[in-house]
Every structure is written in C-alpha cells, then in structure tokens.
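Report on one structure; see the data block that follows.
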Amino acid sequence: MILIGQYDSPFVRRVGLALTLYGHAFEHRPWSSFGDVEKLIALNPLARVPTLVTDPGDVLTDSHVILAYLDGLAAPEAVLMPADPDDRRRALRVIGLATGLGDVAVSLFYEMRLHVEASDLLVGRRRRQIAGGLAALEEVSAAAPEAALFGGRLGHADIALAAALRFVREAHPDLFDAAAHPSLAARTARLEALPAFQAISQAFIPPN
C-alpha cells in the first residue's frame, strides 16, 4: 500500500499510525496538497490527503473511509476498536471529538494564514470550538485508565486523540495550556513516547 500525505496532518498521521499498529508494510509519499497538487490530482481528483493506494490498486481518500477499509482487513479480535458495545460507543464519541478538533484547528490555521484579512467572527468561533473540544477530551481522559482509553489496549480513539492534540499544540501553541489540561498533556506524552508514534511523526510545517 501507498500512503500519501505529510504526518503533520492529524488525518494522515492517524492513518499512518493505524497502518503501523496493524503491521502493514506500506510506502509513504509525503506529498503536500499545496506543493504537490498536480501529482495528487493524478491519483485523487479532490487532491486531498490522506490518500491511500491499496494493494489491489484502488485509491481511497478521507481518513474515516481508509480506516474502515483497514479495519475490514484485520481479524475481528485485532480491530482497533473495543469489542464491548458500550466501550465502542464511547470510543466513537472520542473519535468524533478528536477528528472534529483537528478539523476546526486546521480551518483556523488556514483562516489566519491564507487570507489577507482573517474573519474575526470565524476566528472567534474556531477558538471557542477548540476550547470546548479540549475541555471535553480532558474530561474523558481524566476518567479513563492510564494505558488506553477503552478496552485495555490502544485503538482508534487513542490515535485520533494524540494526532489532534499534536496538531493543536504545534499549529496553535497559544490555545493549549498543559496546566489546564493535565490529563491530556500526560496521556499524549505517554503516547508520543511509544515506538509507533515516534516513527509516524513530523514537526508541523506551515504551508506556503
């Protein structure tokens, strides 16, 4: 398989982490949706990342779609979601919060960086959304076991949380206060120290 996109994207990174934790061999092409748009369009008409080229040659885009495909390749007991229905529901809530946090954090960065004049209304809304997402995730993290959020082993909820937090902290360092979110700070530090998270990692590179 071929994964296209840079790991400073929370969405590309969560796919790279899932591929790694599932034990799939894959080629990584760190193309940018800005600087490598023509190469991307040749594979994906939307020119979006992440893009995954599967072994059969199909091209998949959107991290949710790609992870659903990878889950389908895994043995039932190995899928990166809790088997217990209640834990699964809770994990889906965290995944929604974390990926939503990533979405609004990316949107805020683009609004502030790519427009001559940023919309004060949109910037204020995005900052409020980020604060709310962080508060909700802090509450979940503080109530969860130390090792993994659900089911006793790392899964998609942990991956999505770490990927989103890394992006927020690097793209918007003024919006994350470790003292105000001690459980998130400690949990993501533990995750980032793991070999898979060290391997699937890239410092944030602002687009030109």
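Starting from 1 in every chain, residues are counted up; chains themselves are A, B, ... following the order of the structure tokens, and ligands are numbered from 1 as listed.
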So which residues touch range 41-57 of chain A within 10 Å, counting only C-alpha atoms, skipping near sequence neighbours fewer than 5 positions away, as a PyMOL selection string?
chain A and resi 1-7+9-16+26-34+36+62-63+65-66+69-70
With 9 Å as the cut-off and only C-alpha atoms counted, what is the closest atom pair between each nearby residue of range 68-158 of chain A and range 185-206 of chain A? Distances in Å to one decimal, ordered by chain and number, as a Markdown table.
| residue | atom | partner | partner_atom | distance |
| --- | --- | --- | --- | --- |
| A:Phe109 | CA | A:Pro206 | CA | 8.9 |
| A:Arg113 | CA | A:Pro206 | CA | 8.7 |
| A:Glu138 | CA | A:Ala185 | CA | 8.9 |
| A:Ser141 | CA | A:Arg187 | CA | 7.5 |
| A:Glu146 | CA | A:Arg187 | CA | 7.1 |
| A:Ala147 | CA | A:Arg187 | CA | 8.2 |
| A:Ala148 | CA | A:Arg187 | CA | 8.8 |
| A:Asp158 | CA | A:Leu191 | CA | 8.1 |
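Between Leu92 in chain A and the residues A:Arg169, A:His156, A:Arg128, A:Lys39, the shortest atom-to-atom distance, using only C-alpha atoms, involves A:His156.
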Please provide as a count of residues only all residues within 10 Å of Asp120 in chain A, with the sequence filter that same-chain residues fewer than 6 positions apart are discarded (counting only C-alpha atoms).
3
Contacts between range 173-182 of chain A and range 105-130 of chain A, please, where a residue of range 105-130 of chain A counts if it comes within 10 Å (with only C-alpha atoms); show its shortest atom pair and distance in Å to one decimal, rows by chain and ascending number, as CSV.
residue,atom,partner,partner_atom,distance
A:Ala105,CA,A:Leu175,CA,9.8
A:Arg127,CA,A:Leu175,CA,7.7
A:Arg128,CA,A:Leu175,CA,9.9
A:Ile130,CA,A:Leu175,CA,7.8
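Distance annotation: of A:His24, A:Phe150, A:Ala135, A:Leu19, the residue with the minimal separation from Ala98 in chain A is A:Ala135; atom set is only C-alpha atoms.
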